[in-house]
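J.: I am attaching a structure below and will ask some questions about it afterwards.
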Amino acid sequence: MTGNNAMKKTILLAFLALCTILPLKAAPAELFGTSLIADIAEKVSPAVVAIESVHYVRARRRFGSGDPFFDQFFGHLFDDEFMGHNNVIPQRGNGSGVLISPQGHLLTNEHVIAGADEILVKFNDGSKLKAEIVGKDERTDLAVLKVNSGKALPHAPIGDSTAIRVGEWVVAIGNPFGLGMTVTAGVISAINRDLSVDAQRSYRDLIQTDASINPGNSGGALINSRGELIGINTAIIPYGQGIGFAIPVNLAKRIIGDLMAYGKVKKAFLGVTVQKLTSELANYFEVPEKGVLVTDVARASPAEKAGIAPGDVIIGIDALTVATLEDFQQALEDHRVGETASVKIFRKGREGVCNVVFNENPAAANVLGAAAKTINPDLERKYYLYVDEGCVIVSVSPGSPADNAGLRPGDVIQQINREVILSEDDFNRTIQAVAGQNKVILRVVRGQTVNLLLVKLK
């Protein structure tokens with residue numbers, strides 16, 4: 001027994017000596033992503049900026065003695081309006097942005113710069129530049145800004161968000177709580193998430209990640225393991241942890257072109273009004289119970305030119321199957337003005353294909369987001385009008401100020417602010433004149449009811 005114990009002790013000492021001389025080899029750092037994340041941060045961080053949006057609020061402040069009796073009689077002497085003084089109170093918000101070109105174009109969220117009177121961009125080296133808005137789109141919550149630095153700027157390489165997989169590493173870079181550039185890491189938790197924030201803003205096909213995203217990260221970069229931009233960090237769920245969302249960069253790429261070319265997104269316009277197809281309607285029109293039913297076709301629209309008629313059922317647009325109203329809207333959003341598409345329809349038991357060339361919705365051409373025509377006998381019959389003076393709304397752009405205010409085809413506009421509207425020329429001229437205003441008052445006739453409607457333009 002003594003010999004065995006001595007042998008065990010000798011072997012143990014030899015093993016410990018070997019461990020001292022040749023320590024166990026640690027797993028490579030890359031296996032756990034630490035060096036990888038550091039490399040990504042070093043490569044991409046210079047292209048991510050902090051954004052400070054400033055909104056100047058003018059407020060009147062009344063100076064007084066503090067004595068109510070004195071101020072009742074003499075307080076007006078201290079009224080800053082009387083004395084010609086105004087208080088300007090800057091309200092500041094923080095967000096993030098990603099440089100996408102060496103010329104100084106950067107991508108951010110629309111809500112980061114909404115209502116801003118001044119936009120300041122802070123770079124990694126601490127320098128600041130003023131930015132101008134190139135274009136913005138509230139529906140997709142994307143905006144393109146431009147800074148003029150006089151030199152080529154670092155920019156993030158654009159990746160392919162359709163190639164991402166659930167579980168792969170991602171890095172979020174942004175400016176949370178205005179603290180400065182911050183790097184967090186995690187994985188893609190899910191894809192194709194839909195999220196509604198409010199009545200005006202709904203997101204589709206978002207990337208969900210557990211990389212920490214906080215207020216101020218909005219507009220920042222979501223980067224894949226190759227150091228490529230795959231998403232714009234956008235939203236969080238306040239009551240959840242490890243649940244953040246980003247807009248896929250492939251969606252952003254489709255929007256950026258329009259924003260840089262036109263300052264807005266030109267939505268593809270087909271020119272049809274559609275509704276859900278019920279079994280009763282399917283039997284009446286002799287079609288299968290799938291798709292959306294065309295109830296109206298606008299004159300001279302792409303749909304009319306392609307031969308689509310009321311009573312047709314749209315079952316597909318290009319490769320996308322249209323089974324619901326949401327499918328139909330998504331198919332239109334996936335196309336741009338000027339593109340050609342094959343629209344699959346059912347008509348009286350037979351399937352056919354109509355080739356259409358999308359144009360821009362005439363209603364989207366003005367700040368109100370509604371197109372109007374001078375009342376004529378045809379329009380009186382079509383919309384069952386009770387008045388013969390004014391301009392009748394013939395189309396409303398989805399998500400526009402007119403749409404948000406509840407305007408719809410068939411409404412008659414008789415007055416905009418104090419201007420009487422008797423013709424289409426009156427309507428177009430007045431809408432152009434109020435383009436710089438925040439809101440307008442419309443006199444609207446719907447059926448036999450007359451209302452004054454306040455419409456927010458911005």
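Here, A, B, ... name the chains of the structure tokens in the order displayed, residue numbers run from 1 inside each chain, and ligands are numbered from 1 in the same displayed order.
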Using only C-alpha atoms, which protein or nucleic acid residues come within 9 Å of Ile223 in chain A? Drop anything in the same chain fewer than 2 positions from it, and give the result as a PyMOL selection string.
T.: chain A and resi 40+44+159+169-173+221+225-231
J.: Write a file of the just-selected residues containing N, CA and C atoms, as an mmCIF file, in the first residue's frame.
T.:
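Once written, result.cif looks like this:
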data_model
loop_
_atom_site.group_PDB
_atom_site.id
_atom_site.type_symbol
_atom_site.label_atom_id
_atom_site.label_comp_id
_atom_site.auth_asym_id
_atom_site.auth_seq_id
_atom_site.Cartn_x
_atom_site.Cartn_y
_atom_site.Cartn_z
ATOM 1 N N ILE A 40 -15.190 44.353 -35.540
ATOM 2 C CA ILE A 40 -16.343 44.989 -36.184
ATOM 3 C C ILE A 40 -16.511 46.423 -35.669
ATOM 4 N N VAL A 44 -16.427 49.715 -38.068
ATOM 5 C CA VAL A 44 -17.677 50.387 -38.437
ATOM 6 C C VAL A 44 -17.974 51.634 -37.607
ATOM 7 N N GLY A 159 -24.878 45.474 -46.494
ATOM 8 C CA GLY A 159 -25.012 44.026 -46.626
ATOM 9 C C GLY A 159 -26.333 43.629 -47.259
ATOM 10 N N TRP A 169 -24.551 36.085 -35.116
ATOM 11 C CA TRP A 169 -24.063 37.218 -34.338
ATOM 12 C C TRP A 169 -24.382 38.540 -35.035
ATOM 13 N N VAL A 170 -24.751 39.538 -34.227
ATOM 14 C CA VAL A 170 -24.901 40.905 -34.733
ATOM 15 C C VAL A 170 -24.368 41.876 -33.684
ATOM 16 N N VAL A 171 -23.998 43.065 -34.156
ATOM 17 C CA VAL A 171 -23.483 44.120 -33.289
ATOM 18 C C VAL A 171 -24.315 45.375 -33.523
ATOM 19 N N ALA A 172 -24.770 45.991 -32.428
ATOM 20 C CA ALA A 172 -25.517 47.249 -32.513
ATOM 21 C C ALA A 172 -24.614 48.390 -32.063
ATOM 22 N N ILE A 173 -24.543 49.441 -32.879
ATOM 23 C CA ILE A 173 -23.711 50.604 -32.552
ATOM 24 C C ILE A 173 -24.605 51.840 -32.599
ATOM 25 N N ALA A 221 -26.677 51.584 -36.245
ATOM 26 C CA ALA A 221 -26.361 50.481 -37.156
ATOM 27 C C ALA A 221 -26.509 49.130 -36.489
ATOM 28 N N SER A 225 -21.624 39.750 -38.917
ATOM 29 C CA SER A 225 -20.273 39.318 -38.542
ATOM 30 C C SER A 225 -19.234 39.655 -39.600
ATOM 31 N N ARG A 226 -19.666 40.094 -40.779
ATOM 32 C CA ARG A 226 -18.730 40.515 -41.820
ATOM 33 C C ARG A 226 -18.510 42.028 -41.805
ATOM 34 N N GLY A 227 -19.101 42.694 -40.818
ATOM 35 C CA GLY A 227 -18.922 44.134 -40.720
ATOM 36 C C GLY A 227 -19.780 44.914 -41.697
ATOM 37 N N GLU A 228 -20.914 44.315 -42.121
ATOM 38 C CA GLU A 228 -21.801 44.960 -43.093
ATOM 39 C C GLU A 228 -23.083 45.436 -42.416
ATOM 40 N N LEU A 229 -23.606 46.556 -42.891
ATOM 41 C CA LEU A 229 -24.854 47.094 -42.369
ATOM 42 C C LEU A 229 -26.018 46.245 -42.859
ATOM 43 N N ILE A 230 -26.778 45.662 -41.926
ATOM 44 C CA ILE A 230 -27.934 44.856 -42.321
ATOM 45 C C ILE A 230 -29.247 45.415 -41.781
ATOM 46 N N GLY A 231 -29.164 46.436 -40.904
ATOM 47 C CA GLY A 231 -30.397 46.990 -40.351
ATOM 48 C C GLY A 231 -30.170 48.346 -39.719
#
J.: Which value, in Å to one decimal, gives the distance between CA of Asn192 in chain A and CA of Gly399 in chain A?
T.: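 Interatomic distance here is 21.8 Å.
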J.: If you measure from CA of Gln437 in chain A to CA of Asn94 in chain A, what distance in Å do you get, rounded to one decimal?
T.: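 Atom-to-atom, CA of Gln437 in chain A and CA of Asn94 in chain A are spaced 25.7 Å apart.
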J.: Neighbours of Gly240 in chain A within 12 Å (only C-alpha atoms; same-chain residues fewer than 3 positions away dropped), as a list of chain:residue names?
T.: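 Contacts, in chain order: A:Asp210, A:Ser212, A:Ile213, A:Asn214, A:Ala235, A:Ile236, A:Ile237, A:Ile243, A:Gly244, A:Phe245.
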J.: Using only C-alpha atoms for the distances, tell me which of A:Asn109, A:Ser53, A:Leu385, A:Val144 is nearest to Ala261 in chain A.
T.: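 Closest residue, counting only C-alpha atoms: A:Val144.
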